[in-house]
$ cat target_27.txt   # compact mmCIF, C-alpha atoms and all ligand atoms
# COMPACT_ATOMS: atom_id res chain seq x y z
CA MET I 214 -44.22 28.50 -39.72
CA LEU I 215 -43.74 26.69 -36.47
CA ALA I 216 -44.93 23.39 -37.94
CA SER I 217 -42.53 23.53 -40.86
CA THR I 218 -39.63 24.43 -38.57
CA SER I 219 -40.21 21.43 -36.33
CA LEU I 220 -40.54 19.18 -39.36
CA MET I 221 -37.16 20.40 -40.59
CA ASN I 222 -35.64 19.67 -37.20
CA THR I 223 -36.98 16.13 -37.33
CA GLN I 224 -35.53 15.51 -40.75
CA GLU I 225 -32.13 17.03 -40.04
CA GLU I 226 -29.36 14.45 -39.86
CA ARG I 227 -28.40 14.18 -36.19
CA THR I 228 -25.37 12.88 -34.44
CA PHE I 229 -25.67 10.46 -31.56
CA THR I 230 -22.96 9.40 -29.13
CA PRO I 231 -22.04 5.72 -28.63
CA ALA I 232 -23.30 6.11 -25.04
CA GLU I 233 -26.75 7.13 -26.34
CA LEU I 234 -26.80 4.22 -28.78
CA LEU I 235 -25.89 1.73 -26.03
CA GLY I 236 -28.31 3.16 -23.47
CA GLN I 237 -25.59 4.46 -21.17
CA VAL I 238 -27.71 7.51 -20.50
CA ASP I 239 -29.46 9.20 -17.58
CA TYR I 240 -32.73 10.09 -19.29
CA ALA I 241 -33.82 12.35 -16.41
CA SER I 242 -30.96 14.77 -17.05
CA HIS I 243 -30.65 14.42 -20.87
CA SER I 244 -31.95 17.53 -22.64
CA ASP I 245 -33.51 15.57 -25.54
CA PHE I 246 -35.74 13.50 -23.22
CA SER I 247 -38.95 14.28 -21.32
CA VAL I 248 -40.79 12.44 -18.59
CA ILE I 249 -44.05 10.89 -19.82
CA PRO I 250 -47.08 12.49 -18.09
CA ALA I 251 -49.27 10.06 -16.11
CA GLU I 252 -52.12 10.41 -18.60
CA TYR I 253 -50.18 8.46 -21.24
CA THR I 254 -48.52 5.73 -19.21
CA SER I 255 -49.15 3.14 -16.53
CA LYS I 256 -45.60 3.66 -15.19
CA THR I 257 -43.98 6.42 -13.17
CA GLN I 258 -40.76 8.24 -14.04
CA VAL I 259 -40.51 6.87 -17.57
CA TYR I 260 -38.99 8.86 -20.40
CA LEU I 261 -38.99 9.29 -24.17
CA ARG I 262 -37.25 11.58 -26.61
CA THR I 263 -39.42 14.70 -26.55
CA GLU I 264 -40.24 14.37 -30.28
CA THR I 265 -41.39 10.78 -29.77
CA LEU I 266 -43.59 11.88 -26.88
CA ASP I 267 -45.07 14.78 -28.88
CA ALA I 268 -45.94 12.43 -31.75
CA PHE I 269 -47.41 9.89 -29.32
CA LYS I 270 -49.66 12.55 -27.76
CA LYS I 271 -51.17 13.28 -31.19
CA MET I 272 -51.76 9.60 -31.78
CA PHE I 273 -53.18 9.16 -28.26
CA TYR I 274 -55.86 11.84 -28.79
CA ALA I 275 -56.74 10.55 -32.25
CA ALA I 276 -57.29 7.07 -30.79
CA LYS I 277 -59.26 8.55 -27.90
CA GLU I 278 -61.64 10.15 -30.39
CA CYS I 279 -62.29 6.64 -31.67
CA GLY I 280 -62.98 5.48 -28.10
CA LEU I 281 -59.65 3.71 -27.66
CA ASP I 282 -57.12 4.01 -24.86
CA LEU I 283 -53.41 3.81 -25.73
CA LYS I 284 -51.17 3.41 -22.69
CA ILE I 285 -47.38 3.30 -22.81
CA ILE I 286 -46.30 0.36 -20.65
CA SER I 287 -42.59 0.62 -21.47
CA ALA I 288 -40.54 3.43 -22.99
CA ALA I 289 -36.85 4.39 -22.73
CA ARG I 290 -34.86 1.79 -20.80
CA ASN I 291 -31.17 2.33 -20.16
CA PHE I 292 -28.40 -0.27 -20.24
CA ASP I 293 -28.62 -1.01 -16.51
CA TYR I 294 -32.38 -1.50 -16.64
CA GLN I 295 -32.05 -3.85 -19.62
CA LYS I 296 -29.25 -5.66 -17.82
CA GLY I 297 -31.65 -6.19 -14.90
CA ILE I 298 -34.21 -7.81 -17.22
CA TRP I 299 -31.52 -9.91 -18.89
CA GLU I 300 -29.83 -11.14 -15.71
CA ARG I 301 -33.20 -12.06 -14.14
CA LYS I 302 -33.99 -14.22 -17.17
CA TRP I 303 -30.45 -15.63 -17.24
CA LYS I 304 -31.01 -17.08 -13.75
CA ASP I 305 -34.69 -18.00 -14.31
CA GLY I 306 -35.69 -21.68 -14.20
CA LYS I 307 -37.24 -21.35 -17.65
CA PHE I 308 -33.86 -20.62 -19.21
CA ILE I 309 -31.35 -22.20 -16.84
CA LYS I 310 -31.65 -25.62 -18.51
CA HIS I 311 -29.92 -24.13 -21.56
CA PHE I 312 -26.21 -23.32 -21.53
CA GLY I 313 -24.10 -20.51 -22.99
CA ALA I 314 -25.21 -19.33 -26.40
CA ASP I 315 -28.32 -21.55 -26.28
CA ARG I 316 -29.53 -19.79 -23.15
CA ALA I 317 -28.90 -16.36 -24.67
CA LYS I 318 -30.75 -17.39 -27.83
CA ALA I 319 -33.76 -18.60 -25.84
CA ILE I 320 -33.95 -15.28 -23.96
CA MET I 321 -33.60 -13.41 -27.26
CA ARG I 322 -36.91 -14.71 -28.56
CA TYR I 323 -38.42 -11.64 -26.84
CA SER I 324 -35.69 -9.81 -24.91
CA SER I 325 -32.59 -7.93 -26.03
CA MET I 326 -29.06 -8.18 -24.81
CA PRO I 327 -28.14 -5.01 -22.92
CA GLY I 328 -26.64 -2.55 -25.41
CA THR I 329 -28.72 -3.87 -28.31
CA SER I 330 -32.24 -2.75 -27.36
CA ARG I 331 -34.14 -0.14 -29.33
CA HIS I 332 -35.70 0.82 -26.00
CA HIS I 333 -32.31 2.45 -25.22
CA TRP I 334 -33.04 5.06 -27.87
CA GLY I 335 -36.16 6.81 -26.59
CA THR I 336 -37.97 6.20 -29.87
CA ASP I 337 -39.64 2.90 -29.06
CA ILE I 338 -42.66 2.10 -26.92
CA ASP I 339 -44.68 -0.89 -25.83
CA ILE I 340 -48.42 -0.24 -25.92
CA ASN I 341 -51.13 -1.63 -23.59
CA ASP I 342 -50.08 -5.29 -23.13
CA LEU I 343 -47.10 -7.60 -23.67
CA SER I 344 -49.12 -10.59 -24.88
CA ASP I 345 -50.09 -11.61 -28.37
CA SER I 346 -53.48 -12.85 -27.15
CA TYR I 347 -54.51 -9.37 -25.93
CA PHE I 348 -54.17 -8.07 -29.50
CA THR I 349 -55.68 -11.11 -31.19
CA SER I 350 -58.40 -12.34 -28.81
CA ASN I 351 -59.31 -9.54 -26.37
CA LYS I 352 -62.20 -7.41 -27.66
CA GLU I 353 -60.54 -4.10 -26.75
CA GLY I 354 -57.06 -5.29 -27.76
CA LYS I 355 -58.24 -6.38 -31.20
CA LYS I 356 -59.74 -2.96 -31.82
CA VAL I 357 -56.55 -1.24 -30.63
CA TYR I 358 -54.37 -3.34 -32.94
CA GLU I 359 -56.67 -2.77 -35.89
CA TRP I 360 -56.59 0.98 -35.19
CA LEU I 361 -52.79 1.02 -34.84
CA THR I 362 -52.17 -0.91 -38.05
CA THR I 363 -54.48 1.51 -39.90
CA HIS I 364 -53.47 4.83 -38.33
CA ALA I 365 -50.16 4.67 -36.43
CA ASN I 366 -48.04 5.19 -39.56
CA SER I 367 -49.60 8.60 -40.16
CA PHE I 368 -48.24 9.67 -36.75
CA GLY I 369 -44.77 8.26 -37.55
CA PHE I 370 -45.15 5.01 -35.57
CA TYR I 371 -44.43 1.60 -37.13
CA GLN I 372 -44.66 -1.93 -35.77
CA THR I 373 -41.03 -2.95 -35.44
CA TYR I 374 -41.16 -6.71 -35.02
CA THR I 375 -43.71 -7.78 -37.59
CA SER I 376 -44.48 -11.35 -38.70
CA LYS I 377 -41.37 -13.39 -39.53
CA GLU I 378 -43.09 -15.04 -42.46
CA SER I 379 -41.56 -12.54 -44.88
CA GLY I 380 -38.05 -13.54 -43.76
CA ARG I 381 -37.50 -11.04 -40.97
CA THR I 382 -34.83 -12.32 -38.54
CA GLY I 383 -34.44 -11.92 -34.78
CA TYR I 384 -37.18 -11.45 -32.18
CA GLU I 385 -40.61 -13.03 -32.48
CA GLU I 386 -43.48 -10.83 -33.61
CA GLU I 387 -44.44 -8.16 -31.06
CA LYS I 388 -47.76 -6.47 -31.73
CA TRP I 389 -47.15 -4.11 -28.79
CA HIS I 390 -43.80 -2.66 -29.85
CA TRP I 391 -43.87 0.49 -32.01
CA SER I 392 -41.03 2.76 -33.19
CA TYR I 393 -41.16 6.45 -33.96
CA MET I 394 -39.57 6.13 -37.39
CA PRO I 395 -38.34 9.69 -38.13
CA ILE I 396 -35.71 9.50 -35.38
CA ALA I 397 -35.38 5.73 -34.98
CA LYS I 398 -34.09 5.37 -38.55
CA GLN I 399 -31.32 7.85 -37.82
CA LEU I 400 -30.44 6.04 -34.61
CA LEU I 401 -30.24 2.69 -36.42
CA ASN I 402 -27.99 4.24 -39.02
CA ALA I 403 -25.74 5.70 -36.32
CA TYR I 404 -25.74 2.37 -34.45
CA ASN I 405 -24.63 0.45 -37.54
CA THR I 406 -21.88 2.98 -38.18
CA GLN I 407 -20.53 3.36 -34.66
CA ILE I 408 -21.24 0.17 -32.69
CA SER I 409 -19.41 -3.14 -33.07
CA TYR I 410 -19.62 -6.39 -31.09
CA LYS I 411 -16.66 -5.16 -29.02
CA ALA I 412 -19.06 -2.71 -27.35
CA ILE I 413 -21.55 -5.43 -26.31
CA VAL I 414 -20.08 -6.47 -22.94
CA ASN I 415 -20.60 -6.55 -19.16
CA PHE I 416 -23.44 -9.05 -18.69
CA ASN I 417 -23.85 -12.83 -18.52
CA GLY I 418 -23.54 -14.43 -21.94
CA TYR I 419 -22.20 -11.36 -23.79
CA GLU I 420 -19.55 -13.59 -25.41
CA SER I 421 -22.29 -15.06 -27.63
CA ALA I 422 -23.40 -11.72 -29.05
CA GLU I 423 -21.48 -12.07 -32.33
CA LEU I 424 -22.17 -15.79 -32.76
CA LEU I 425 -25.92 -15.14 -32.42
CA GLY I 426 -25.82 -12.03 -34.61
CA ALA I 427 -27.14 -9.73 -31.89
CA ILE I 428 -26.44 -6.73 -34.16
CA ASP I 429 -26.82 -8.21 -37.65
CA LEU I 430 -29.89 -10.39 -37.07
CA TYR I 431 -31.57 -8.75 -34.05
CA VAL I 432 -30.85 -4.99 -34.01
CA ASN I 433 -31.30 -5.14 -37.78
CA GLY I 434 -34.03 -7.80 -37.66
CA ILE I 435 -36.81 -5.27 -37.99
CA ASP I 436 -39.55 -4.55 -40.47
CA ALA I 437 -37.95 -3.45 -43.77
CA ILE I 438 -39.71 -0.08 -43.72
CA LEU I 439 -37.73 0.92 -40.61
CA LYS I 440 -34.32 0.38 -42.22
ZN ZN I 501 -40.65 -3.27 -26.65
$ encode --input "target_27.txt" --output "structure tokens"
Amino acid sequence: MLASTSLMNTQEERTFTPAELLGQVDYASHSDFSVIPAEYTSKTQVYLRTETLDAFKKMFYAAKECGLDLKIISAARNFDYQKGIWERKWKDGKFIKHFGADRAKAIMRYSSMPGTSRHHWGTDIDINDLSDSYFTSNKEGKKVYEWLTTHANSFGFYQTYTSKESGRTGYEEEKWHWSYMPIAKQLLNAYNTQISYKAIVNFNGYESAELLGAIDLYVNGIDAILK
């Protein structure tokens, strides 16, 4: 009985506030979020939506039975945290040679403008390592990626930024970034209904958000199965 009740809750159409969609949230005091226990993450005081965390725990133990360690290295990040990442890159020597929209576009190969990150939602996680080579060349990493591509879907997790060869727009492929689809789909739907470019403000380069398609090509530039 309990299982079917929680399944119904997951599938119920939810409402989300614009603040939640834009990451203007204090996860520590939000009733839908839980802190991630140390066993599952390399970070301290990081949060996920409780349903995402519960699903991750199941996947974690299934992987463990196969001798693999899944560690969450990034989870929910609010607007201010994302702004910190963005502003650091904005002033970084690697990007400073570009100007205006060009600089924003260069940063957006891998990083989101504040207000447009799926990490705001508490449904998305980065697993083990932020480099492609870990998942393609490292012995352990290769096994982890093979396991995830075979099994993660059955726990509700999907690789968000898959290969761009099929025409996906936006960020480069990220083998580490996985979304908990049952809730993430609802959040995307709410985002597309409630959020316009007018809401993407208050950081360096925000004026380029519409020109670059931060919502159309990046927020929506995800694997087709997650739409
Ligand atoms: Zn990520």
$ closest_residue --input "target_27.txt" --among "I:Leu343, I:Leu266, I:Ile249, I:Ala397" --to "ligand ZN 501 (chain I)" --atoms "all atoms listed in the file"
I:Leu343
$ closest_residue --input "target_27.txt" --among "I:Lys398, I:His364, I:His311, I:His332" --to "ligand ZN 501 (chain I)" --atoms "all atoms listed in the file"
I:His332
$ closest_residue --input "target_27.txt" --among "I:Met326, I:Ile340, I:Thr230, I:Pro395" --to "Gly297 in chain I" --atoms "only C-alpha atoms"
I:Met326
$ residues_near_point --input "target_27.txt" --point "(-36.0, 5.0, -33.6)" --cutoff "12 Å" --atoms "all atoms listed in the file" --output "PyMOL selection string"
chain I and resi 223+229+233-234+261-262+264-265+288-289+330-338+369-373+390-404+432-433+435+438-440
$ residues_around --input "target_27.txt" --residues "Ala251 in chain I" --least-positions-apart "5" --cutoff "12 Å" --atoms "only C-alpha atoms" --output "count of residues only"
9
$ residues_around --input "target_27.txt" --residues "range 346-363 of chain I" --least-positions-apart "3" --cutoff "7 Å" --atoms "only C-alpha atoms" --output "compact mmCIF listing (two decimals) with C-alpha atoms, in the frame of the given file"
# COMPACT_ATOMS: atom_id res chain seq x y z
CA LEU I 281 -59.65 3.71 -27.66
CA ASP I 342 -50.08 -5.29 -23.13
CA LYS I 388 -47.76 -6.47 -31.73
$ build_atoms --input "target_27.txt" --residues "range 418-429 of chain I" --atoms "N, CA and C atoms" --output "PDB file, keeping the file's coordinate frame"
ATOM      1  N   GLY I 418     -23.268 -13.921 -20.603  1.00  0.00           N
ATOM      2  CA  GLY I 418     -23.540 -14.430 -21.940  1.00  0.00           C
ATOM      3  C   GLY I 418     -23.172 -13.466 -23.067  1.00  0.00           C
ATOM      4  N   TYR I 419     -22.530 -12.345 -22.738  1.00  0.00           N
ATOM      5  CA  TYR I 419     -22.200 -11.360 -23.790  1.00  0.00           C
ATOM      6  C   TYR I 419     -21.272 -11.952 -24.855  1.00  0.00           C
ATOM      7  N   GLU I 420     -20.503 -12.984 -24.464  1.00  0.00           N
ATOM      8  CA  GLU I 420     -19.550 -13.590 -25.410  1.00  0.00           C
ATOM      9  C   GLU I 420     -20.252 -14.173 -26.637  1.00  0.00           C
ATOM     10  N   SER I 421     -21.556 -14.463 -26.502  1.00  0.00           N
ATOM     11  CA  SER I 421     -22.290 -15.060 -27.630  1.00  0.00           C
ATOM     12  C   SER I 421     -22.891 -14.028 -28.575  1.00  0.00           C
ATOM     13  N   ALA I 422     -22.708 -12.757 -28.274  1.00  0.00           N
ATOM     14  CA  ALA I 422     -23.400 -11.720 -29.050  1.00  0.00           C
ATOM     15  C   ALA I 422     -23.106 -11.839 -30.559  1.00  0.00           C
ATOM     16  N   GLU I 423     -21.832 -12.028 -30.911  1.00  0.00           N
ATOM     17  CA  GLU I 423     -21.480 -12.070 -32.330  1.00  0.00           C
ATOM     18  C   GLU I 423     -21.949 -13.379 -32.977  1.00  0.00           C
ATOM     19  N   LEU I 424     -21.739 -14.484 -32.272  1.00  0.00           N
ATOM     20  CA  LEU I 424     -22.170 -15.790 -32.760  1.00  0.00           C
ATOM     21  C   LEU I 424     -23.667 -15.791 -33.102  1.00  0.00           C
ATOM     22  N   LEU I 425     -24.467 -15.156 -32.233  1.00  0.00           N
ATOM     23  CA  LEU I 425     -25.920 -15.140 -32.420  1.00  0.00           C
ATOM     24  C   LEU I 425     -26.379 -14.021 -33.359  1.00  0.00           C
ATOM     25  N   GLY I 426     -25.457 -13.142 -33.717  1.00  0.00           N
ATOM     26  CA  GLY I 426     -25.820 -12.030 -34.610  1.00  0.00           C
ATOM     27  C   GLY I 426     -26.678 -10.985 -33.927  1.00  0.00           C
ATOM     28  N   ALA I 427     -26.323 -10.675 -32.665  1.00  0.00           N
ATOM     29  CA  ALA I 427     -27.140  -9.730 -31.890  1.00  0.00           C
ATOM     30  C   ALA I 427     -27.319  -8.390 -32.618  1.00  0.00           C
ATOM     31  N   ILE I 428     -26.308  -7.979 -33.382  1.00  0.00           N
ATOM     32  CA  ILE I 428     -26.440  -6.730 -34.160  1.00  0.00           C
ATOM     33  C   ILE I 428     -27.024  -7.022 -35.544  1.00  0.00           C
ATOM     34  N   ASP I 429     -26.413  -7.973 -36.254  1.00  0.00           N
ATOM     35  CA  ASP I 429     -26.820  -8.210 -37.650  1.00  0.00           C
ATOM     36  C   ASP I 429     -28.247  -8.747 -37.772  1.00  0.00           C
TER      37      ASP I 429
END
